[in-house]
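Here the structure is laid out as structure tokens; the discussion comes afterwards.
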Amino acid sequence: MQPLPLDGITVVAVEQAVSAPFATRQLADLGARVIKVERPDGGDFARGYDTAARGLASHFVWANRGKESLAVDLKDPRGLAAVQRLIADADVFVQNLAQGAAARLGLDAATLCARHPRLVAVDISGYGAGGPYADKRAYDMLVQCEAGLVSVTGTPEQPVKAGIPAADIAAAMYAYSGVLAALLRRATTGVGGPLEISMLEALAEWMGHPLHHAMHGGTAPARAGLAHAVIAPYDAYPTADGARVLLSVQNDREWRRLAEQVIGRPELADDPVYATNAARTAHRERTDALVAKALVELDADEALRRLEGAGIACARLRDVHEVAAHPQLAARARWRDVDSPVGPLRGMLPPVTMPGTVEPAMGAVPALGEHTGAVLRAVGMTEAEITAMRRDGVIA
């Protein structure tokens with residue numbers, strides 16, 4: 001079996017909330033040693049978001065497995081010096097402190113890479129280091145609004161934010177992939193370098209289709225709820241058992257099969273009101289009414305069976321409990337137990353599967369400061385120094 005691809009890589013992260021922690025968690029899953037630097041007085045504030053995971057915060061459990069927790073006060077010179085010693089031996093450094101805070105500590109990517117040429121250092125911010133928005137607070141929902149995601153999500157009457165932290169996740173994914181690219185470059189050049197990731201720019205890139213549609217076509221795609229702005233039928237429809245089934249007819253051949261095999265009215269295939277997608281979209285309410293009338297007489301399983309038999313793309317509209325019990329995830333054995341301070345918790349294997357490689361690390365969710373002593377001893381600090389720092393509240 002091949003080892004995990006980041007085996008032997010050390011990552012130091014001064015991180016909080018979601019964007020940086022989710023990026024570094026993925027590096028940990030791929031075998032990197034990730035040392036998470038937290039405040040002694042409570043740690044990463046995401047630890048306090050909720051208590052849904054058997055007393056732990058669900059965000060924190062999701063984004064922080066497989067890390068070592070070093071609880072240290074960076075405002076104390078002794079704490080900052082200890083982290084600087086860690087960085088000197090690290091391969092990657094990631095931070096997402098408030099704008100300007102890392103630079104005041106000498107922990108910004110440019111400063112660190114000038115001092116350590118092999119280091120890959122990442123600054124994650126809301127809006128980037130320059131420009132009029134550089135110092136604005138940048139919580140996920142705010143960036144979703146600034147990036148236009150909210151404007152294209154929801155119903156015609158009401159824009160809504162995404163139900164997941166899309167801006168945080170977008171920034172995390174570009175930080176993750178950027179680190180991998182920089183490590184690959186370092187393998188050939190011997191030089192790491194700074195990386196800058198902006199939540200706004202990451203999410204604006206994900207806005208590619210509506211953004212280009214508006215920039216080059218003059219209009220933004222309309223909000224359509226679960227429907228599609230330019231395809232019909234494409235929506236979720238209720239079934240006899242109270243569930244909802246989503247289907248998508250992509251072309252007129254599929255409409256013919258839907259009309260014949262599911263709706264039970266083959267004459268609709270050639271009716272000029274419905275025969276083309278343009279016509280069906282122009283008469284969306286009538287089209288949807290036909291589909292809804294057929295599906296509401298079937299339970300969800302039977303509706304899906306008939307749709308699949310007719311070659312129509314379809315899905316069950318699931319809630320999150322149903323996703324946790326999804327038969328496809330179970331059949332592919334995608335769940336594992338992850339250790340934590342409250343015992344084993346379920347975690348999903350990373351989406352990238354590497355046949356012939358040992359399984360992703362998926363290490364424990366750390367308690368605050370769980371590894372402080374061990375990490376500091378490893379960089380040469382004496383027991384007397386560690387005891388004094390603990391006594392003074394510099395570490396926890």
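We label chains A, B, ... in the order they appear in the structure tokens, count residues from 1 in each chain, and number ligands from 1 in the order shown.
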
### Test item: residues at most 12 Å from A:Ala229, only C-alpha atoms, excluding those fewer than 2 positions along its chain, as a list in words
Val152, Thr153, Gly154, Thr155, Pro156, Pro210, Ala220, Pro221, Ala222, Arg223, Ala224, Gly225, Leu226, Ala227, Ile231, Ala232, Pro233, Tyr234, Asp235, Asn277, Ala278, Arg280, Thr281, Ala282 and Arg284 of chain A

Written selection (N, CA and C atoms) as a short mmCIF file (atom, residue, chain, number, x, y, z; two decimals), in the first residue's frame:
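part-v9.cif was written with the following content:
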data_model
loop_
_atom_site.label_atom_id
_atom_site.label_comp_id
_atom_site.auth_asym_id
_atom_site.auth_seq_id
_atom_site.Cartn_x
_atom_site.Cartn_y
_atom_site.Cartn_z
N VAL A 152 -29.10 34.96 -6.24
CA VAL A 152 -29.55 33.93 -7.18
C VAL A 152 -30.08 32.70 -6.47
N THR A 153 -30.19 32.76 -5.14
CA THR A 153 -30.63 31.61 -4.35
C THR A 153 -31.93 31.97 -3.65
N GLY A 154 -32.92 31.09 -3.76
CA GLY A 154 -34.20 31.34 -3.13
C GLY A 154 -35.33 31.29 -4.13
N THR A 155 -36.42 31.90 -3.78
CA THR A 155 -37.62 31.92 -4.63
C THR A 155 -37.70 33.25 -5.36
N PRO A 156 -38.58 33.37 -6.33
CA PRO A 156 -38.72 34.67 -7.00
C PRO A 156 -39.05 35.80 -6.03
N PRO A 210 -23.91 32.16 -13.22
CA PRO A 210 -24.75 33.37 -13.22
C PRO A 210 -23.95 34.64 -13.50
N ALA A 220 -29.32 38.64 -15.23
CA ALA A 220 -28.96 37.62 -14.23
C ALA A 220 -30.02 36.53 -14.24
N PRO A 221 -29.62 35.27 -14.05
CA PRO A 221 -30.63 34.20 -13.97
C PRO A 221 -31.60 34.48 -12.83
N ALA A 222 -32.87 34.23 -13.10
CA ALA A 222 -33.90 34.49 -12.09
C ALA A 222 -33.85 33.43 -10.99
N ARG A 223 -34.16 33.85 -9.76
CA ARG A 223 -34.32 32.88 -8.68
C ARG A 223 -35.54 32.02 -8.98
N ALA A 224 -35.39 30.71 -8.80
CA ALA A 224 -36.49 29.82 -9.17
C ALA A 224 -36.75 28.74 -8.13
N GLY A 225 -36.29 28.94 -6.90
CA GLY A 225 -36.49 27.92 -5.89
C GLY A 225 -35.82 26.63 -6.30
N LEU A 226 -36.56 25.52 -6.27
CA LEU A 226 -36.02 24.24 -6.72
C LEU A 226 -36.20 24.04 -8.23
N ALA A 227 -36.88 24.97 -8.87
CA ALA A 227 -37.06 24.87 -10.32
C ALA A 227 -35.80 25.36 -11.02
N ILE A 231 -35.35 25.54 -17.89
CA ILE A 231 -35.69 24.16 -18.23
C ILE A 231 -36.98 23.79 -17.52
N ALA A 232 -37.90 23.11 -18.22
CA ALA A 232 -39.14 22.63 -17.61
C ALA A 232 -39.54 21.29 -18.28
N PRO A 233 -40.05 20.35 -17.49
CA PRO A 233 -40.17 20.38 -16.03
C PRO A 233 -38.83 20.10 -15.35
N TYR A 234 -38.57 20.85 -14.30
CA TYR A 234 -37.34 20.68 -13.50
C TYR A 234 -37.68 21.25 -12.12
N ASP A 235 -38.15 20.39 -11.22
CA ASP A 235 -38.61 20.87 -9.93
C ASP A 235 -38.86 19.67 -9.02
N ASN A 277 -38.78 22.38 -25.21
CA ASN A 277 -38.45 22.95 -23.90
C ASN A 277 -38.86 24.41 -23.83
N ALA A 278 -38.69 25.14 -24.92
CA ALA A 278 -39.09 26.55 -24.91
C ALA A 278 -40.59 26.69 -24.64
N ARG A 280 -42.53 24.41 -23.09
CA ARG A 280 -42.82 23.97 -21.71
C ARG A 280 -42.43 25.05 -20.70
N THR A 281 -41.32 25.73 -20.96
CA THR A 281 -40.90 26.80 -20.05
C THR A 281 -41.88 27.97 -20.11
N ALA A 282 -42.35 28.28 -21.31
CA ALA A 282 -43.32 29.37 -21.47
C ALA A 282 -44.64 29.04 -20.77
N ARG A 284 -44.91 27.02 -18.01
CA ARG A 284 -44.38 26.25 -16.87
C ARG A 284 -45.47 25.80 -15.90
#

### Task
From a DSSP calculation on the backbone, collect every residue of stretch 78-305 of chain A in helix (DSSP H, G or I) and output the set as a VMD selection string.
chain A and resid 78 to 88 101 to 105 109 to 115 140 to 146 150 to 152 166 to 189 199 to 206 208 to 217 252 to 263 266 to 269 277 to 282 284 to 295 300 to 305

### Message
I'd like the neighbourhood of A:Arg137 as a list in words, where a residue qualifies if any of its atoms comes within 9 Å (using only C-alpha atoms), though same-chain residues fewer than 5 positions away should be ignored.
### Response
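Contacts, in chain order: Ala98, Gln99, Gly126, Tyr127 and Leu142 of chain A.
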
### Task
Find, counting only C-alpha atoms, the residue in A:Leu195, A:Val120, A:Met362, A:Val245 that gets nearest to A:Asp299.
A:Val245
